[in-house]
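**Student:** See target.cif below, with mmCIF, C-alpha atoms and all ligand atoms.
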data_target
loop_
_atom_site.label_atom_id
_atom_site.label_comp_id
_atom_site.auth_asym_id
_atom_site.auth_seq_id
_atom_site.Cartn_x
_atom_site.Cartn_y
_atom_site.Cartn_z
CA MET A 1 6.56 -4.92 1.44
CA ALA A 2 9.93 -5.60 0.06
CA ASP A 3 12.97 -7.76 0.04
CA THR A 4 14.87 -7.54 3.32
CA ALA A 5 18.11 -6.36 1.79
CA GLN A 6 16.34 -3.71 -0.24
CA ILE A 7 14.43 -2.38 2.74
CA GLU A 8 17.59 -2.31 4.80
CA GLU A 9 19.27 -0.22 2.15
CA ILE A 10 16.33 2.14 1.96
CA VAL A 11 16.12 2.54 5.72
CA LYS A 12 19.83 3.30 5.88
CA GLN A 13 19.42 5.89 3.18
CA VAL A 14 16.54 7.56 4.96
CA LEU A 15 18.33 7.56 8.27
CA ALA A 16 21.28 9.27 6.68
CA ASN A 17 18.93 11.93 5.43
CA MET A 18 17.17 12.22 8.77
CA ALA A 19 20.29 13.14 10.70
CA GLY A 20 19.94 16.65 11.98
CA SER A 21 16.61 17.25 10.30
CA ALA A 22 14.55 17.14 13.45
CA ALA A 23 14.76 20.79 14.39
CA MET A 24 13.22 21.31 17.78
CA ALA A 25 13.40 25.08 17.95
CA GLY A 26 10.29 27.24 18.00
CA SER A 27 6.91 26.41 19.32
CA GLY A 28 5.11 26.52 15.98
CA SER A 29 1.95 28.35 15.09
CA ALA A 30 -1.48 26.96 14.58
CA GLY A 31 -1.86 27.99 10.94
CA ALA A 32 -5.31 29.09 9.80
CA GLY A 33 -7.34 27.16 12.38
CA ALA A 34 -7.27 27.37 16.14
CA ASP A 35 -5.10 25.01 18.15
CA ARG A 36 -6.84 21.77 18.95
CA ALA A 37 -6.67 20.69 22.53
CA ILE A 38 -3.42 18.80 22.66
CA PRO A 39 -2.73 16.49 25.58
CA LYS A 40 0.59 16.62 27.39
CA THR A 41 1.51 13.07 26.43
CA ALA A 42 1.22 10.82 23.43
CA HIS A 43 0.89 7.04 23.20
CA VAL A 44 3.06 5.05 20.87
CA ALA A 45 2.92 1.30 20.22
CA MET A 46 6.57 0.42 20.48
CA LEU A 47 7.81 -2.97 19.30
CA THR A 48 10.08 -3.72 22.25
CA SER A 49 10.84 -7.37 21.58
CA LEU A 50 9.91 -9.99 19.00
CA GLU A 51 6.13 -10.34 18.68
CA HIS A 52 5.53 -7.81 21.42
CA PHE A 53 4.41 -4.20 21.39
CA ASP A 54 4.22 -2.03 24.51
CA VAL A 55 2.01 1.03 24.32
CA LYS A 56 4.32 3.67 25.79
CA GLU A 57 3.56 7.17 26.96
CA PHE A 58 5.86 10.02 25.93
CA PRO A 59 5.77 13.77 26.47
CA MET A 60 4.26 15.63 23.52
CA PRO A 61 7.23 16.97 21.54
CA GLU A 62 7.74 20.58 20.53
CA VAL A 63 6.48 21.33 17.03
CA GLY A 64 9.30 22.93 15.05
CA ASP A 65 8.73 25.61 12.42
CA ASP A 66 8.66 23.00 9.62
CA ASP A 67 6.88 20.23 11.51
CA ILE A 68 3.30 18.99 11.63
CA LEU A 69 1.71 17.35 14.65
CA VAL A 70 -0.98 14.88 13.61
CA LYS A 71 -3.63 13.25 15.78
CA VAL A 72 -3.69 9.72 14.39
CA GLU A 73 -7.07 8.29 13.41
CA GLY A 74 -5.97 4.95 12.01
CA CYS A 75 -3.27 2.91 10.36
CA GLY A 76 -3.32 -0.24 8.25
CA VAL A 77 -1.20 -3.25 9.18
CA CYS A 78 1.18 -4.09 6.35
CA GLY A 79 3.15 -7.23 5.54
CA THR A 80 6.26 -5.21 6.35
CA ASP A 81 4.98 -4.57 9.88
CA ALA A 82 4.25 -8.28 10.30
CA HIS A 83 7.71 -9.14 9.02
CA GLU A 84 9.35 -6.77 11.51
CA PHE A 85 7.04 -7.95 14.33
CA LYS A 86 8.00 -11.57 13.83
CA ARG A 87 11.69 -11.37 12.98
CA ASP A 88 13.06 -7.81 13.28
CA PRO A 89 14.95 -8.30 10.00
CA PHE A 90 15.89 -4.62 9.93
CA GLY A 91 17.28 -4.66 13.48
CA LEU A 92 15.12 -1.70 14.49
CA ILE A 93 13.78 -2.82 17.89
CA PRO A 94 12.70 -0.75 19.81
CA VAL A 95 10.70 0.82 16.99
CA ALA A 96 7.38 2.58 16.43
CA LEU A 97 5.89 0.80 13.41
CA GLY A 98 2.98 1.69 11.10
CA HIS A 99 3.33 3.50 7.77
CA GLU A 100 -0.20 3.20 6.34
CA GLY A 101 -1.59 5.81 8.68
CA THR A 102 -3.75 8.89 8.53
CA GLY A 103 -4.97 11.55 10.88
CA GLU A 104 -5.81 15.17 11.52
CA ILE A 105 -3.40 18.08 11.77
CA VAL A 106 -3.60 19.57 15.26
CA LYS A 107 -0.60 21.88 15.08
CA MET A 108 1.75 23.15 12.39
CA GLY A 109 5.03 25.01 12.34
CA LYS A 110 4.88 28.52 10.89
CA ASN A 111 6.77 27.52 7.74
CA VAL A 112 4.31 24.79 6.78
CA LYS A 113 1.94 26.05 4.09
CA LYS A 114 1.41 23.36 1.47
CA ASP A 115 1.49 19.59 1.05
CA SER A 116 3.77 17.70 -1.35
CA ALA A 117 1.27 18.22 -4.20
CA GLY A 118 1.01 21.97 -3.60
CA LYS A 119 -2.34 21.84 -1.81
CA ASP A 120 -2.86 24.20 1.13
CA LEU A 121 -2.55 22.75 4.62
CA LYS A 122 -4.27 23.94 7.76
CA VAL A 123 -5.10 22.68 11.22
CA GLY A 124 -8.01 20.26 10.93
CA ASP A 125 -6.95 18.87 7.57
CA LYS A 126 -6.62 15.11 7.19
CA VAL A 127 -3.28 13.91 5.92
CA VAL A 128 -1.22 10.86 4.99
CA SER A 129 2.53 10.58 4.78
CA CYS A 130 4.09 8.60 1.97
CA MET A 131 6.59 5.80 2.34
CA ILE A 132 8.27 6.64 -0.88
CA PHE A 133 11.63 5.43 -1.95
CA LYS A 134 14.33 7.73 -3.17
CA ASP A 135 14.83 8.40 -6.85
CA ASN A 136 16.46 5.10 -7.58
CA PRO A 137 15.69 4.20 -11.19
CA ASP A 138 16.45 0.58 -10.46
CA ILE A 139 13.35 0.34 -8.30
CA THR A 140 10.81 2.23 -10.37
CA MET A 141 10.88 5.22 -12.62
CA PHE A 142 10.59 8.14 -10.32
CA ASP A 143 10.49 11.58 -11.76
CA LEU A 144 8.27 13.51 -9.37
CA ASN A 145 10.23 12.16 -6.44
CA LYS A 146 13.16 14.32 -7.24
CA GLN A 147 11.01 17.33 -6.58
CA ASN A 148 9.00 16.11 -3.67
CA VAL A 149 11.01 13.84 -1.46
CA GLY A 150 12.74 15.85 1.21
CA GLY A 151 14.40 13.18 3.24
CA ALA A 152 12.56 12.00 6.32
CA ASP A 153 9.75 10.00 4.88
CA VAL A 154 9.61 6.43 6.07
CA TYR A 155 7.61 6.91 9.23
CA GLY A 156 6.97 3.54 10.76
CA LEU A 157 10.47 2.23 10.03
CA LEU A 158 12.59 4.75 11.88
CA PRO A 159 14.54 3.64 14.91
CA ASP A 160 13.54 5.21 18.19
CA ASP A 161 14.92 8.66 18.99
CA ASP A 162 14.21 11.34 21.61
CA ILE A 163 11.01 12.42 19.85
CA HIS A 164 9.61 8.85 19.83
CA LEU A 165 6.53 9.77 17.74
CA ASN A 166 7.91 8.10 14.62
CA GLY A 167 5.24 5.62 13.58
CA TRP A 168 1.51 5.64 12.84
CA PHE A 169 0.64 2.96 15.40
CA SER A 170 0.15 5.75 17.93
CA ASP A 171 -2.28 8.49 18.89
CA TYR A 172 0.02 11.31 17.75
CA ILE A 173 2.83 11.47 15.19
CA LEU A 174 5.27 14.29 14.50
CA ILE A 175 5.81 14.76 10.77
CA ARG A 176 9.13 16.50 10.36
CA GLY A 177 9.86 19.18 7.80
CA GLY A 178 10.86 17.81 4.40
CA SER A 179 8.61 14.77 4.62
CA THR A 180 6.18 13.76 1.92
CA VAL A 181 2.69 14.57 3.13
CA PHE A 182 -0.63 14.85 1.33
CA ASN A 183 -3.83 16.65 2.21
CA VAL A 184 -6.58 14.03 1.79
CA SER A 185 -9.38 15.77 3.67
CA ASP A 186 -11.84 14.81 0.92
CA LEU A 187 -11.49 11.07 1.63
CA ASP A 188 -13.17 9.17 4.46
CA LEU A 189 -11.15 7.35 7.12
CA TYR A 190 -11.26 3.85 5.60
CA SER A 191 -10.33 5.17 2.18
CA ARG A 192 -7.39 7.02 3.70
CA VAL A 193 -6.20 3.87 5.49
CA LEU A 194 -6.33 2.04 2.14
CA ILE A 195 -4.32 4.63 0.19
CA GLU A 196 -0.95 2.95 0.53
CA PRO A 197 -1.95 -0.57 -0.58
CA CYS A 198 -4.08 0.92 -3.38
CA ALA A 199 -1.11 2.95 -4.65
CA VAL A 200 0.72 -0.34 -5.24
CA LEU A 201 -2.06 -1.39 -7.61
CA ILE A 202 -2.38 1.96 -9.32
CA HIS A 203 1.30 1.61 -10.11
CA ALA A 204 0.81 -1.93 -11.43
CA VAL A 205 -2.01 -0.83 -13.71
CA GLU A 206 0.09 2.07 -14.98
CA ARG A 207 2.86 -0.42 -15.72
CA ALA A 208 0.34 -2.64 -17.51
CA LYS A 209 -0.86 0.31 -19.61
CA SER A 210 2.72 0.96 -20.70
CA THR A 211 2.52 -2.22 -22.82
CA ASN A 212 -0.22 -0.63 -24.97
CA ILE A 213 -2.09 -3.93 -24.72
CA LEU A 214 -4.44 -3.14 -21.84
CA ARG A 215 -7.42 -1.32 -23.32
CA PHE A 216 -10.96 -0.31 -22.53
CA ASN A 217 -12.40 -3.48 -24.09
CA SER A 218 -9.67 -5.92 -22.98
CA ARG A 219 -10.44 -9.29 -21.52
CA VAL A 220 -8.47 -9.34 -18.30
CA VAL A 221 -7.58 -12.13 -15.91
CA VAL A 222 -6.63 -11.34 -12.32
CA GLN A 223 -5.04 -14.31 -10.57
CA GLY A 224 -5.11 -14.19 -6.77
CA CYS A 225 -7.85 -12.52 -4.74
CA GLY A 226 -6.02 -11.40 -1.64
CA PRO A 227 -6.07 -7.66 -0.97
CA ILE A 228 -3.73 -7.03 -3.91
CA GLY A 229 -5.80 -8.89 -6.50
CA LEU A 230 -9.07 -7.51 -5.14
CA ILE A 231 -7.88 -3.91 -5.31
CA CYS A 232 -6.55 -4.62 -8.81
CA ILE A 233 -10.05 -5.71 -9.85
CA ALA A 234 -11.62 -2.58 -8.35
CA ILE A 235 -9.19 -0.36 -10.24
CA LEU A 236 -9.80 -2.12 -13.57
CA ARG A 237 -13.55 -1.87 -13.01
CA THR A 238 -13.27 1.82 -12.12
CA MET A 239 -11.42 2.32 -15.41
CA GLY A 240 -14.42 0.90 -17.22
CA ILE A 241 -13.09 -2.54 -18.10
CA ASN A 242 -15.98 -5.00 -18.26
CA THR A 243 -14.47 -8.41 -18.83
CA ILE A 244 -12.55 -9.13 -15.63
CA VAL A 245 -12.12 -12.80 -14.69
CA ALA A 246 -10.93 -13.48 -11.13
CA VAL A 247 -9.01 -16.68 -10.35
CA ASP A 248 -8.57 -17.95 -6.79
CA GLY A 249 -9.03 -21.10 -4.71
CA GLU A 250 -11.35 -19.63 -2.10
CA GLN A 251 -15.02 -19.10 -2.87
CA LYS A 252 -15.45 -16.31 -0.29
CA ARG A 253 -12.76 -14.27 -1.94
CA LEU A 254 -14.17 -14.95 -5.39
CA ASP A 255 -17.58 -13.71 -4.22
CA PHE A 256 -15.98 -10.51 -2.97
CA ALA A 257 -14.11 -10.20 -6.28
CA ARG A 258 -17.52 -10.02 -7.96
CA GLU A 259 -18.61 -7.27 -5.60
CA LEU A 260 -15.51 -5.32 -6.51
CA GLY A 261 -16.10 -5.64 -10.22
CA ALA A 262 -15.16 -9.09 -11.54
CA ALA A 263 -17.63 -10.24 -14.17
CA GLU A 264 -16.68 -13.89 -13.86
CA THR A 265 -14.75 -16.09 -11.44
CA VAL A 266 -12.83 -19.34 -11.69
CA ASN A 267 -12.13 -21.46 -8.62
CA PHE A 268 -8.92 -23.28 -9.51
CA LYS A 269 -9.71 -26.05 -7.05
CA GLU A 270 -12.55 -27.13 -9.31
CA HIS A 271 -10.24 -27.81 -12.25
CA LYS A 272 -7.66 -30.56 -12.42
CA GLY A 273 -4.49 -29.65 -14.29
CA ILE A 274 -3.44 -26.53 -16.13
CA GLU A 275 -5.16 -27.46 -19.41
CA ALA A 276 -8.56 -27.73 -17.71
CA LEU A 277 -7.92 -24.53 -15.77
CA ALA A 278 -6.90 -22.62 -18.89
CA ALA A 279 -10.01 -23.92 -20.66
CA ALA A 280 -12.18 -22.66 -17.78
CA VAL A 281 -10.57 -19.21 -17.94
CA GLN A 282 -11.04 -19.14 -21.72
CA GLU A 283 -14.71 -20.03 -21.36
CA LYS A 284 -15.25 -17.22 -18.82
CA CYS A 285 -13.49 -14.82 -21.17
CA GLY A 286 -16.21 -15.49 -23.73
CA GLY A 287 -14.32 -18.23 -25.56
CA HIS A 288 -11.09 -16.30 -25.94
CA LEU A 289 -7.88 -16.33 -23.99
CA ALA A 290 -7.17 -13.15 -22.03
CA ASP A 291 -5.69 -10.06 -23.65
CA PHE A 292 -4.00 -9.19 -20.41
CA ALA A 293 -3.30 -10.91 -17.08
CA PHE A 294 -2.31 -9.68 -13.64
CA GLN A 295 -0.43 -12.19 -11.49
CA CYS A 296 -1.22 -11.25 -7.87
CA THR A 297 -0.10 -14.31 -5.89
CA GLY A 298 3.30 -15.13 -4.44
CA SER A 299 3.09 -18.71 -5.67
CA PRO A 300 5.67 -19.92 -8.22
CA ALA A 301 3.16 -22.42 -9.65
CA ALA A 302 0.70 -19.59 -10.22
CA HIS A 303 3.35 -17.67 -12.15
CA SER A 304 4.06 -20.73 -14.30
CA ASN A 305 0.35 -21.19 -15.00
CA ILE A 306 -0.63 -17.70 -15.93
CA TYR A 307 0.97 -17.72 -19.39
CA LYS A 308 -1.54 -20.38 -20.41
CA PHE A 309 -4.39 -17.90 -19.84
CA ILE A 310 -2.99 -15.28 -22.23
CA ARG A 311 -3.61 -15.04 -25.98
CA ASN A 312 -0.85 -14.68 -28.57
CA GLY A 313 0.37 -11.11 -28.48
CA GLY A 314 -1.14 -10.53 -25.04
CA GLY A 315 0.37 -8.94 -21.95
CA LEU A 316 1.24 -9.87 -18.39
CA CYS A 317 1.92 -7.82 -15.28
CA GLU A 318 3.68 -9.75 -12.51
CA LEU A 319 3.24 -8.08 -9.14
CA GLY A 320 2.65 -10.99 -6.79
CA PHE A 321 6.30 -11.53 -5.95
CA PHE A 322 6.57 -8.52 -3.70
CA ILE A 323 9.11 -10.50 -1.72
CA ASN A 324 11.25 -13.38 -2.89
CA GLY A 325 8.90 -16.35 -3.26
CA GLY A 326 11.36 -18.63 -5.04
CA ASP A 327 11.96 -19.65 -8.64
CA ALA A 328 9.18 -20.41 -11.12
CA THR A 329 9.47 -22.66 -14.15
CA ILE A 330 8.30 -21.53 -17.54
CA ASN A 331 8.91 -22.71 -21.06
CA PRO A 332 10.38 -19.69 -22.81
CA HIS A 333 9.46 -21.01 -26.24
CA PHE A 334 5.79 -21.77 -25.63
CA ASP A 335 5.08 -19.23 -22.90
CA ILE A 336 6.79 -16.07 -24.12
CA CYS A 337 8.68 -16.28 -27.39
CA SER A 338 6.29 -17.96 -29.81
CA LYS A 339 3.28 -16.19 -28.25
CA GLU A 340 5.01 -12.80 -28.28
CA ILE A 341 3.88 -12.01 -24.74
CA THR A 342 4.80 -8.59 -23.38
CA THR A 343 5.54 -8.76 -19.68
CA VAL A 344 6.07 -6.02 -17.13
CA GLY A 345 6.97 -6.26 -13.47
CA SER A 346 5.64 -3.87 -10.88
CA TRP A 347 6.91 -3.00 -7.40
CA VAL A 348 5.79 -0.33 -4.97
CA TYR A 349 4.74 3.02 -6.48
CA THR A 350 5.73 6.56 -7.30
CA LEU A 351 4.47 9.82 -5.89
CA ARG A 352 2.41 10.37 -9.02
CA ASP A 353 0.65 7.06 -8.31
CA TYR A 354 -0.26 8.42 -4.89
CA ALA A 355 -2.17 11.32 -6.40
CA THR A 356 -3.90 8.97 -8.86
CA THR A 357 -4.86 6.74 -5.94
CA PHE A 358 -6.84 9.54 -4.28
CA ASP A 359 -8.88 9.91 -7.47
CA PHE A 360 -9.36 6.15 -7.79
CA LEU A 361 -10.76 5.88 -4.26
CA LYS A 362 -13.29 8.62 -4.97
CA SER A 363 -14.29 7.10 -8.33
CA ALA A 364 -14.66 3.62 -6.85
CA LYS A 365 -17.09 4.95 -4.24
CA LYS A 366 -18.99 6.87 -6.87
CA ILE A 367 -19.72 3.71 -8.87
CA GLY A 368 -20.64 1.84 -5.70
CA LEU A 369 -17.70 -0.52 -5.20
CA PRO A 370 -17.58 -1.55 -1.51
CA ILE A 371 -13.91 -0.71 -1.03
CA ASP A 372 -14.37 -0.34 2.76
CA LYS A 373 -15.09 -4.05 3.05
CA LEU A 374 -11.42 -4.72 2.32
CA ILE A 375 -10.81 -3.75 5.95
CA THR A 376 -12.06 -6.90 7.62
CA HIS A 377 -10.68 -6.37 11.14
CA THR A 378 -10.11 -3.24 13.23
CA TYR A 379 -8.48 -2.98 16.63
CA PRO A 380 -7.84 -0.14 19.08
CA LEU A 381 -4.21 0.77 19.69
CA GLU A 382 -4.10 -1.17 22.98
CA GLN A 383 -4.78 -4.38 21.05
CA ILE A 384 -1.97 -3.95 18.55
CA ASN A 385 -0.44 -7.33 19.42
CA GLU A 386 -3.75 -9.04 18.50
CA ALA A 387 -3.93 -7.02 15.29
CA LEU A 388 -0.50 -8.21 14.20
CA LYS A 389 -1.36 -11.79 15.11
CA THR A 390 -4.53 -11.59 13.02
CA ASN A 391 -2.45 -10.30 10.13
CA LEU A 392 -0.01 -13.21 10.49
CA ALA A 393 -2.86 -15.73 10.71
CA MET A 394 -4.07 -14.47 7.30
CA THR A 395 -7.71 -15.01 8.21
CA GLY A 396 -8.81 -11.56 7.07
CA LEU A 397 -7.98 -9.17 4.26
CA LYS A 398 -6.81 -5.80 5.52
CA ILE A 399 -6.28 -5.35 9.27
CA ALA A 400 -6.25 -1.83 10.71
CA ILE A 401 -5.72 -0.02 13.97
CA ILE A 402 -8.51 2.53 14.39
CA ASN A 403 -8.24 5.05 17.22
CA LYS A 404 -11.34 6.23 19.03
ZN ZN B 501 2.54 -1.09 3.43
#
Turn this file's structure into structure tokens for me.
**Tutor:**
Amino acid sequence: MADTAQIEEIVKQVLANMAGSAAMAGSGSAGAGADRAIPKTAHVAMLTSLEHFDVKEFPMPEVGDDDILVKVEGCGVCGTDAHEFKRDPFGLIPVALGHEGTGEIVKMGKNVKKDSAGKDLKVGDKVVSCMIFKDNPDITMFDLNKQNVGGADVYGLLPDDDIHLNGWFSDYILIRGGSTVFNVSDLDLYSRVLIEPCAVLIHAVERAKSTNILRFNSRVVVQGCGPIGLICIAILRTMGINTIVAVDGEQKRLDFARELGAAETVNFKEHKGIEALAAAVQEKCGGHLADFAFQCTGSPAAHSNIYKFIRNGGGLCELGFFINGGDATINPHFDICSKEITTVGSWVYTLRDYATTFDFLKSAKKIGLPIDKLITHTYPLEQINEALKTNLAMTGLKIAIINK
């Protein structure tokens, strides 16, 4: 999800905050509901060496007064997980990975009453944690974070400790007091698994709106129809934008882009050279260049090209370079200066974007967008190694572990 150095810094920060926060005292109460039957042991997929998880069995930990024990229902596989699986760039092995998870509260400490948005919490509620970064204005503009982030929040990137239940690739996870947690009982399982990647796009669209160029009747180009571009299209469509033109080189993805709300598609492989490609985009935009463009690929050439799709005075949101994909060449005179293009970058999300994401997922369903189809492959926990390999092979869109 992020540049190695940045993630390392974040993990360090979180670990510093974690120290001493895992209070083990007290047996915890069951809150409003009755205790669910809780087994004596939990299973955690532990990355024990490069490209290898072992599903390990650990004793169920005590639930402290501020803690929440969650029975995990599922967890998406993220690029960050794949990165760690292949190279261990953060030096975390052995580690319980998985941060895009969700599940049901089976036990809560007596001090736990509300989630990070102030919603009541009880046994039986469905929750997600939030991998949110601290209030570092250099990353994004966080205001709500200051209120909501307690400390221990990056489950799925914590080194192993004597609790062990630190990641969402597991059947149980112990959410420690002070963590960011949201009650999302009103969303179905697949929607909940998609919250984290969707929050990235909600943030990007909010960044785009900050230019004051993206409007209800804008002509919008979305370049790149991987999960990021596809979710971007669904969000724009849910907002009511009609003229969305998807650009990609794979027909299957372009077809799915239509299902998620694109009005028109352009397969770049059918057009030789940037002039022909820009002309094709213009034609699909009803004879005009785009008012706004979202760059959702990690390809430097794609970044260079996208300016040619945008009208004078238009806007651009670059969000494809989630990690360092190298330098891109542009002509500052023709591409930015003389066209007066307003550009914004977007990276990760804020807590406010998380709350907006819940609403987006409900709205998307309401207007019939097949969001669930973004999850192309599911695996049980025992097949986590296969799940990661499928992610690395990039044959699907979103891969998820779904527990029985
Ligand atoms: Zn992620």
**Student:** Do a neighbour search on range 62-79 of chain A at 6 Å with only C-alpha atoms, toss out local chain neighbours closer than 2 positions, and write the hits as a ChimeraX atom specification.
**Tutor:** /A:1,23-28,81-82,100-112,171-177,193,399-403
**Student:** Mind giving me the straight-line distance from CA of Ala279 in chain A to CA of Ala301 in chain A in Å, one decimal?
**Tutor:**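 Distance reported for this atom pair: 17.2 Å.
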**Student:** Excluding range 292-300 of chain A and residues on its chain fewer than 2 positions from it, collect all residues at most 7 Å away from it, counting only C-alpha atoms, and give them as a list in words.
**Tutor:**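 The filter keeps Leu214, Arg219, Val220, Val221, Val222, Gln223, Gly224, Ile228, Gly229, Ala290, Ala302, His303, Ser304, Ile310, Gly314, Gly315, Leu316, Cys317, Glu318, Leu319, Gly320, Phe321, Gly325, Gly326, Asp327 and Ala328 of chain A.
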**Student:** Tell me which of A:Glu51, A:Glu196, A:Asp125, A:Asp161 sits closest to ligand ZN 501 (chain B), counting all atoms listed in the file.
**Tutor:**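 Closest candidate: A:Glu196.
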**Student:** Leaving out Pro39 in chain A and any residue of its chain fewer than 2 positions from it, which residues lie within 10 Å of it when counting only C-alpha atoms, given as a list in words?
**Tutor:**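 Answer for this query is Arg36, Ala37, Thr41, Ala42, Pro59, Met60 and Tyr172 of chain A.
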**Student:** Excluding Ala199 in chain A and residues on its chain fewer than 3 positions from it, collect all residues at most 9 Å away from it, counting only C-alpha atoms, and give them as a list in words.
**Tutor:**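 Answer for this query is Leu194, Ile195, Glu196, Ile202, His203, Ala204, Val348, Tyr349, Thr350, Leu351, Asp353, Tyr354, Ala355, Thr356, Thr357 and Phe358 of chain A.
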**Student:** Any idea what's packed within 8 Å of range 239-251 of chain A, counting only C-alpha atoms, ignoring anything in its chain fewer than 2 positions away? Could you give it as a PDB file with C-alpha atoms, in the coordinates of the input?
**Tutor:**
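Once everything was written out, this is selection_0.pdb:
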ATOM      1  CA  ARG A 215      -7.420  -1.320 -23.320  1.00  0.00           C
ATOM      2  CA  PHE A 216     -10.960  -0.310 -22.530  1.00  0.00           C
ATOM      3  CA  ASN A 217     -12.400  -3.480 -24.090  1.00  0.00           C
ATOM      4  CA  SER A 218      -9.670  -5.920 -22.980  1.00  0.00           C
ATOM      5  CA  ARG A 219     -10.440  -9.290 -21.520  1.00  0.00           C
ATOM      6  CA  VAL A 220      -8.470  -9.340 -18.300  1.00  0.00           C
ATOM      7  CA  VAL A 221      -7.580 -12.130 -15.910  1.00  0.00           C
ATOM      8  CA  VAL A 222      -6.630 -11.340 -12.320  1.00  0.00           C
ATOM      9  CA  GLN A 223      -5.040 -14.310 -10.570  1.00  0.00           C
ATOM     10  CA  GLY A 224      -5.110 -14.190  -6.770  1.00  0.00           C
ATOM     11  CA  CYS A 225      -7.850 -12.520  -4.740  1.00  0.00           C
ATOM     12  CA  ILE A 233     -10.050  -5.710  -9.850  1.00  0.00           C
ATOM     13  CA  ILE A 235      -9.190  -0.360 -10.240  1.00  0.00           C
ATOM     14  CA  LEU A 236      -9.800  -2.120 -13.570  1.00  0.00           C
ATOM     15  CA  ARG A 237     -13.550  -1.870 -13.010  1.00  0.00           C
ATOM     16  CA  ARG A 253     -12.760 -14.270  -1.940  1.00  0.00           C
ATOM     17  CA  LEU A 254     -14.170 -14.950  -5.390  1.00  0.00           C
ATOM     18  CA  ASP A 255     -17.580 -13.710  -4.220  1.00  0.00           C
ATOM     19  CA  ALA A 257     -14.110 -10.200  -6.280  1.00  0.00           C
ATOM     20  CA  GLY A 261     -16.100  -5.640 -10.220  1.00  0.00           C
ATOM     21  CA  ALA A 262     -15.160  -9.090 -11.540  1.00  0.00           C
ATOM     22  CA  ALA A 263     -17.630 -10.240 -14.170  1.00  0.00           C
ATOM     23  CA  GLU A 264     -16.680 -13.890 -13.860  1.00  0.00           C
ATOM     24  CA  THR A 265     -14.750 -16.090 -11.440  1.00  0.00           C
ATOM     25  CA  VAL A 266     -12.830 -19.340 -11.690  1.00  0.00           C
ATOM     26  CA  ASN A 267     -12.130 -21.460  -8.620  1.00  0.00           C
ATOM     27  CA  PHE A 268      -8.920 -23.280  -9.510  1.00  0.00           C
ATOM     28  CA  LYS A 269      -9.710 -26.050  -7.050  1.00  0.00           C
ATOM     29  CA  VAL A 281     -10.570 -19.210 -17.940  1.00  0.00           C
ATOM     30  CA  LYS A 284     -15.250 -17.220 -18.820  1.00  0.00           C
ATOM     31  CA  CYS A 285     -13.490 -14.820 -21.170  1.00  0.00           C
TER      32      CYS A 285
END
**Student:** Which residue out of A:Glu283, A:Asp160, A:Asp291, A:Glu386 has the minimum interatomic distance to Phe53 in chain A when all atoms listed in the file are used?
**Tutor:**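 Closest candidate: A:Glu386.
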**Student:** Grab the CA of Ser185 in chain A to CA of Lys122 in chain A distance for me, in Å with one decimal place.
**Tutor:**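 Going from CA of Ser185 in chain A over to CA of Lys122 in chain A covers 10.5 Å.
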**Student:** To one decimal place, how far is CA of Leu289 in chain A from CA of Glu259 in chain A in Å?
**Tutor:**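 It comes out at 23.1 Å.
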**Student:** Between A:Ile231, A:Ile336, A:Cys198, A:Ile384, single out the one closest to ligand ZN 501 (chain B), counting only C-alpha atoms and all ligand atoms.
**Tutor:**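 Comparing A:Ile231, A:Ile336, A:Cys198, A:Ile384 against ligand ZN 501 (chain B), the winner is A:Cys198.
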